[in-house]
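For reference, the structure is listed below as structure tokens.
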Amino acid sequence: MALHPAVSDITARIAERSGPTRRAYLAQLHADSTRPPSMDRMGCANIAHAVAGIPLDDRFKVITQRAPNIGIVTAYNDMLSAHTPLQGYPALIKDEARKLGATAQVAGGVPAMCDGVTQGTSGMELSLFSRDVIAMATAVALSHDMFDAALMLGVCDKIVPGLLIGALQFGHLPTVFVPAGPMPSGLPNKEKARLREQAAQGLIGREGLLEAELQSYHSPGTCTFYGTANSNQMLLEAMGLHVPGTAFVAPGGALRDELTREAARTVLGIIKSRRFAPIGQLVDERAIVNAMVALLATGGSTNHLIHWVAVAQSAGIVIDWNDFSALSDVVPLLTHVYPNGSADVNQFQAAGGTGLVIRELLDAGFMHEDVLTVREGGIREYTREPAMVGAALVWHDAGDSRDDTIVRPVTRPFSPTGGLKLLQGNLGRSVIKVSAVPDDRHVIEAPARVFDSQEALLACFNAGELARDVVCVVRWQGPQANGMPELHKLTPPLAVLQGKGFMVALVTDGRMSGASGKVPAAIHVSPEAAAGGPLAKVRDGDVIRVDAVTGQLQVLVAEVEWAARPVDLMPDGLRQRNGVGMGRGLFAGMRQRALTAEEGALSWM
């Protein structure tokens, strides 16, 4: 199938825009990949330190046989249900590497925090920049420079983007990402959302809400809604950085263990076949566009409008929200997975999963097929599902949708567009995800109520002061202000107001995450208020228009008055609070250096 002309044109524009930075990146990749092997260029003491902790047989392979050595970077901890299964992965990988005449070492661990634990707390203000900490920790792990390939073990929100950014700093290494899979389905997501809304109204107490949450999040594995963590996995499949079909295979069991072993076989296969497929070569403008298309076609997390900008930048590729918006205009929405529907990712997997979506997008010309992947068969391998037949790992075509309320073909999409809109106007640039928003709520025009924190909004809601048509403006939530936390705690009360028939919207320079749903939310507003952005001018009662049809984000104030209005400064109390306690002081430099959300909120450029 010929590539869709819009996808072709957008890719060409990205390639042209990225020319100088991509060429510089590839030049560094070439310089790194053409160095002598580590055994030849490193000193004897360096080598001795590097192998002192591994078994004698492995030392012999590394030093005498010059066997390939895989560096494992792991996000394992048992604070995150999604990462708990990773504990046993290194042993499986090392065993498989030895069978193939190679070795593997855990090069290092990276921190991994759970936004579900920190949501609405001070710790959430470390979350976004933890991505950059993870990238740096990945670089530290690989800086030992003893590795011929790498395996990245991680799943969740900031962890995968951080691992990918870090891996791209070592773009000369063949690299495969290794996930853990989702936990079994628990309390249905719509029921969980309903109970949260009831709790916001005081209709059920803490005990009842806690019981519901424990039924939702109940065992090892990723959360089952289609938020940032599971969007990560879809994007990695679309970029060809996984073993095909690995994303949503459940933790434990023979299939998951064999897929983990297959990751070792895959990365060693690149080396042994002498196929030039280092990660920096794989992640080109076509792969980035494939990821963007997969995100839009599945109604994935808005966080990736920040993260994948940063990922692309790490490979010398420059993308922006115009690119996402232009792709969204032509890419059809093929899935309904919560919060865009009622199904969870286990049901999505059972209905056809990533393989079906990728096949549909390839066949309709929405994805580039001429891309390198970690598999020699290319991106077509990612249209198949893995299974165990006896002791053998095999793949078969995903086939047709087994539930067209969850996954549909391109010929019968849920929507002809991807459900993401770029908003622009005198309040700045923003994005809105409308794939779960009712059609009659795509345009909201109402008086503003301005808040300096999400706690202030919640207090106002609890006092009954928001029972009206209202656009809630929550400012001082951007990267420079407080690290840009997710404001997911605002979803239940705003949903309650909308459910009562009020016209409600949120406008914020913060994030709402992959869990943002049916309430229209203009998020990531740039420039942020703390950088002198227009949100710092808004006053209570200003009428704001959030128009996802025409792409407008406007405060309806006379132009002369708006121009003359002074810009508020962040209250001293907020600024002081953001700088101390719960580790926030350590991130002060990152906040000061952070670029805008549209620039990936990078803290290292």
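If you're wondering about the labels, chains in the structure tokens are A, B, ... by order shown, residues count from 1 in each chain, ligands from 1 in order shown.
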
Quick one: pick out all strand (DSSP E or B) residues within segment 362-605 of chain A from a backbone DSSP run and write them as number ranges by chain.
-> A: 384-389, 392-397, 407, 415, 420-425, 428-433, 443-451, 470-474, 486, 504-508, 511, 521-526, 543-547, 552-555

Would you please give, as a PyMOL selection string, all residues of segment 106-194 of chain A that DSSP assigns to helix (DSSP H, G or I) based on the backbone?
-> chain A and resi 115-118+122-142+159-168+189-194

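Shortest separation to Pro244 of chain A among A:Ser219, A:Ala398, A:Asp95, A:Val345 occurs at residue A:Ala398, atoms counted being only C-alpha atoms.
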
Please identify all polymer residues within 12 Å of Gly585 of chain A, counting only C-alpha atoms, omitting same-chain residues fewer than 5 positions from it, and present them as a ChimeraX atom specification.
-> /A:122-123,125-126,482-483,575-580,590-592

Dump as JSON lines the rows for residues of segment 363-415 of chain A within 12 Å of segment 246-257 of chain A: closest atom pair and distance in Å with one decimal, only C-alpha atoms counted, ordered by chain and rising residue number.
{"residue": "A:Glu381", "atom": "CA", "partner": "A:Thr246", "partner_atom": "CA", "distance": 11.7}
{"residue": "A:Tyr382", "atom": "CA", "partner": "A:Thr246", "partner_atom": "CA", "distance": 9.4}
{"residue": "A:Thr383", "atom": "CA", "partner": "A:Thr246", "partner_atom": "CA", "distance": 11.5}
{"residue": "A:Arg384", "atom": "CA", "partner": "A:Thr246", "partner_atom": "CA", "distance": 10.2}
{"residue": "A:Glu385", "atom": "CA", "partner": "A:Thr246", "partner_atom": "CA", "distance": 8.3}
{"residue": "A:Pro386", "atom": "CA", "partner": "A:Thr246", "partner_atom": "CA", "distance": 7.5}
{"residue": "A:Ala387", "atom": "CA", "partner": "A:Leu255", "partner_atom": "CA", "distance": 6.6}
{"residue": "A:Met388", "atom": "CA", "partner": "A:Leu255", "partner_atom": "CA", "distance": 6.0}
{"residue": "A:Val389", "atom": "CA", "partner": "A:Leu255", "partner_atom": "CA", "distance": 9.7}
{"residue": "A:Gly390", "atom": "CA", "partner": "A:Ala254", "partner_atom": "CA", "distance": 10.0}
{"residue": "A:Ala391", "atom": "CA", "partner": "A:Ala254", "partner_atom": "CA", "distance": 8.5}
{"residue": "A:Ala392", "atom": "CA", "partner": "A:Leu255", "partner_atom": "CA", "distance": 9.4}
{"residue": "A:Leu393", "atom": "CA", "partner": "A:Leu255", "partner_atom": "CA", "distance": 7.5}
{"residue": "A:Val394", "atom": "CA", "partner": "A:Leu255", "partner_atom": "CA", "distance": 9.9}
{"residue": "A:Trp395", "atom": "CA", "partner": "A:Thr246", "partner_atom": "CA", "distance": 11.0}

Please, could you write that set of residues out with C-alpha atoms as a PDB file, in the first residue's frame?
ATOM      1  CA  GLU A 381       6.600  -8.987  12.061  1.00  0.00           C
ATOM      2  CA  TYR A 382       4.723  -6.713  14.477  1.00  0.00           C
ATOM      3  CA  THR A 383       1.377  -7.608  12.886  1.00  0.00           C
ATOM      4  CA  ARG A 384       1.582 -11.064  14.455  1.00  0.00           C
ATOM      5  CA  GLU A 385       0.788 -12.472  17.890  1.00  0.00           C
ATOM      6  CA  PRO A 386       3.097 -14.735  19.896  1.00  0.00           C
ATOM      7  CA  ALA A 387       2.002 -18.076  21.338  1.00  0.00           C
ATOM      8  CA  MET A 388       3.507 -21.258  22.769  1.00  0.00           C
ATOM      9  CA  VAL A 389       3.037 -24.465  20.799  1.00  0.00           C
ATOM     10  CA  GLY A 390       4.437 -27.095  23.084  1.00  0.00           C
ATOM     11  CA  ALA A 391       7.843 -25.747  24.074  1.00  0.00           C
ATOM     12  CA  ALA A 392       8.186 -23.624  20.932  1.00  0.00           C
ATOM     13  CA  LEU A 393       7.557 -19.906  20.600  1.00  0.00           C
ATOM     14  CA  VAL A 394       5.626 -19.164  17.402  1.00  0.00           C
ATOM     15  CA  TRP A 395       3.796 -16.224  15.861  1.00  0.00           C
TER      16      TRP A 395
END

Spatial neighbours of Gly227 of chain A, max dist 12 Å, only C-alpha atoms, sep filter under 3 positions, as a count of residues only = 37

Do a neighbour search on Val106 of chain A at 8 Å with only C-alpha atoms, toss out local chain neighbours closer than 5 positions, and write the hits as a compact mmCIF listing (two decimals) with N, CA and C atoms, in the first residue's frame.
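The resulting file, result_0.txt, is reproduced below:
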# COMPACT_ATOMS: atom_id res chain seq x y z
N GLY A 71 24.51 -5.55 28.11
CA GLY A 71 24.28 -4.73 29.29
C GLY A 71 22.79 -4.65 29.58
N ILE A 72 22.38 -5.05 30.77
CA ILE A 72 20.97 -5.00 31.19
C ILE A 72 20.77 -3.77 32.05
N VAL A 73 19.82 -2.93 31.65
CA VAL A 73 19.43 -1.79 32.48
C VAL A 73 18.01 -2.05 32.96
N THR A 74 17.83 -2.09 34.27
CA THR A 74 16.54 -2.52 34.81
C THR A 74 15.90 -1.47 35.70
N PRO A 90 16.74 -10.78 34.75
CA PRO A 90 18.18 -10.91 34.48
C PRO A 90 18.67 -12.35 34.49
